[in-house]
Amino acid sequence: MSPFSGSASRTDDWRHLRLRIDDHVAVVTLARPEKLNALTFGAYADLRDLLAELSRERSVRALVLAGEGRGFCSGGDVDEIIGATLSMDTAELLDFNRMTGQVVRALRECPFPVIASVHGVAAGAGAVLALAADFRVADPSARFAFLFTKVGLSGGDMGAAYLLPRVVGLGHATRLLMLGEPVRAPEAERIGLISELTEEGEADARSAALARRLADGPALAHAQTKALLTAELDMPLAASVELDAATQALLMNGEDYAEFHAAFTEKRQPKWRGR
């Protein structure tokens with residue numbers, strides 16, 4: 001996302017989530033624990049807009065997405081979204097579905113790594129939010145369920161049919177999206193849906209440690225790596241290696257590359273500046 005924008009300055013008060021930023025690490029917490037953090041129209045919009053604002057600012061170097069209470073996110077609120085959509089016309093439904101997709105695009109396109117800290121349920125849209133993160137750190141209570149066919153809709157919602165085969169392979173993705181059955185933490189780790197399986201109750205702490213490690217590292221290198229991973233999913237090899245070459249040439253002109261050499265020569269740790 002471009003940092004150049006005529007938009008207003010960053011919002012300080014978000015209605016549907018909590019935001020904390022500490023030394024370049026942002027923690028975004030879905031905060032409807034009484035509803036297992038079920039998403040509302042406003043929650044989707046807040047996530048989309050927050051990610052855009054943080055991307056423009058370029059002050060965040062890693063972001064943790066977490067859920068308050070007993071679970072990560074149970075998906076769209078049955079009453080506030082599913083009930084409401086039954087009275088919408090096609091144009092309104094298209095606007096809503098495009099907005100949910102914009103949240104996933106924002107997670108994939110923001111210039112910093114995103115870590116989903118998952119405990120308990122990650123269902124429906126909640127499972128896709130976790131899927132769109134760069135890392136999924138989960139404790140043994142975690143269970144993922146792509147429930148869209150269970151409510152009579154396509155399993156390919158919010159980019160799930162694009163992202164999931166690329167994470168777990170087409171066979172597993174077909175089973176998960178077609179049947180909508182829950183996948184518990186041990187199986188999720190086995191098929192590659194989880195990046196790290198923690199001890200019980202340790203997902204938030206391990207996510208925080210990973211975010212700190214990323215934020216203390218070469219932020220521009222991380223941002224470009226994320227951008228290439230997303231862009232090259234659909235590129236032929238020739239285009240990919242050319243894009244890699246151009247990216248490396250730019251980074252070789254950067255301060256962090258020179259700093260690595262200086263630190264190596266002086267036998268010290270690099271002081272990364274993200275430039």
# chains A, B, ... in the order shown; residues from 1 in each chain; ligands from 1
$ residues_around --residues "range 170-177 of chain A" --least-positions-apart "5" --cutoff "9 Å" --atoms "only C-alpha atoms" --output "number ranges by chain"
A: 145-149, 154-156, 160-161, 164-165, 182-183, 191
$ residues_around --residues "His24 in chain A" --least-positions-apart "6" --cutoff "7 Å" --atoms "only C-alpha atoms" --output "PDB file with C-alpha atoms, in the first residue's frame"
ATOM      1  CA  SER A  59       5.479   3.008  11.911  1.00  0.00           C
ATOM      2  CA  VAL A  60       4.424  -0.604  12.538  1.00  0.00           C
ATOM      3  CA  ARG A  61       6.894  -3.399  11.786  1.00  0.00           C
ATOM      4  CA  ALA A  62       4.811  -6.361  12.969  1.00  0.00           C
ATOM      5  CA  ALA A 215      10.014  -5.822  14.519  1.00  0.00           C
TER       6      ALA A 215
END
$ residues_around --residues "Arg15 in chain A" --least-positions-apart "6" --cutoff "8 Å" --atoms "only C-alpha atoms" --output "mmCIF file with N, CA, C and O atoms, in the first residue's frame"
data_model
loop_
_atom_site.group_PDB
_atom_site.id
_atom_site.type_symbol
_atom_site.label_atom_id
_atom_site.label_comp_id
_atom_site.auth_asym_id
_atom_site.auth_seq_id
_atom_site.Cartn_x
_atom_site.Cartn_y
_atom_site.Cartn_z
ATOM 1 N N GLY A 42 -19.484 -3.333 11.121
ATOM 2 C CA GLY A 42 -18.530 -2.351 11.624
ATOM 3 C C GLY A 42 -17.165 -2.946 11.902
ATOM 4 O O GLY A 42 -16.139 -2.280 11.699
ATOM 5 N N ALA A 43 -17.126 -4.180 12.386
ATOM 6 C CA ALA A 43 -15.837 -4.819 12.676
ATOM 7 C C ALA A 43 -15.034 -5.031 11.400
ATOM 8 O O ALA A 43 -13.813 -4.791 11.363
ATOM 9 N N ASP A 46 -13.776 -1.603 10.354
ATOM 10 C CA ASP A 46 -12.695 -1.133 11.215
ATOM 11 C C ASP A 46 -11.378 -1.830 10.882
ATOM 12 O O ASP A 46 -10.320 -1.189 10.825
#
$ closest_residue --among "A:Phe260, A:Ala142, A:Leu228, A:Arg105" --to "Ser240 in chain A" --atoms "only C-alpha atoms"
A:Leu228
$ select_by_dssp --residues "range 30-235 of chain A" --states "helix (DSSP H, G or I)" --output "PyMOL selection string"
chain A and resi 33-35+41-57+78-85+90-109+125-132+148-151+160-168+170-179+185-190+203-215+219-234
$ closest_residue --among "A:Glu109, A:Glu255, A:Glu202, A:Glu189" --to "Arg48 in chain A" --atoms "only C-alpha atoms"
A:Glu109
$ residues_around --residues "Gly126 in chain A" --least-positions-apart "6" --cutoff "8 Å" --atoms "only C-alpha atoms" --output "PyMOL selection string"
chain A and resi 72-76
$ write_last_selection --atoms "C-alpha atoms" --output "short mmCIF file (atom, residue, chain, number, x, y, z; two decimals), in the first residue's frame"
data_model
loop_
_atom_site.label_atom_id
_atom_site.label_comp_id
_atom_site.auth_asym_id
_atom_site.auth_seq_id
_atom_site.Cartn_x
_atom_site.Cartn_y
_atom_site.Cartn_z
CA PHE A 72 -10.19 -16.19 18.27
CA CYS A 73 -13.23 -15.42 16.09
CA SER A 74 -16.44 -17.34 15.40
CA GLY A 75 -17.03 -15.67 12.03
CA GLY A 76 -19.83 -13.37 10.93
#
$ closest_residue --among "A:Thr198, A:Leu153, A:Leu179, A:Ala106" --to "Asp139 in chain A" --atoms "only C-alpha atoms"
A:Thr198
$ closest_residue --among "A:Ser195, A:Arg190, A:Leu39, A:Trp272" --to "Ala125 in chain A" --atoms "only C-alpha atoms"
A:Leu39
$ select_by_dssp --residues "range 12-171 of chain A" --states "strand (DSSP E)" --output "NGL selection string"
:A and (17-22 or 25-30 or 62-67 or 114-118 or 121-123 or 135-138 or 143-145)
$ closest_residue --among "A:Ala245, A:Ala203, A:Ala127, A:Leu229" --to "Phe144 in chain A" --atoms "only C-alpha atoms"
A:Ala127
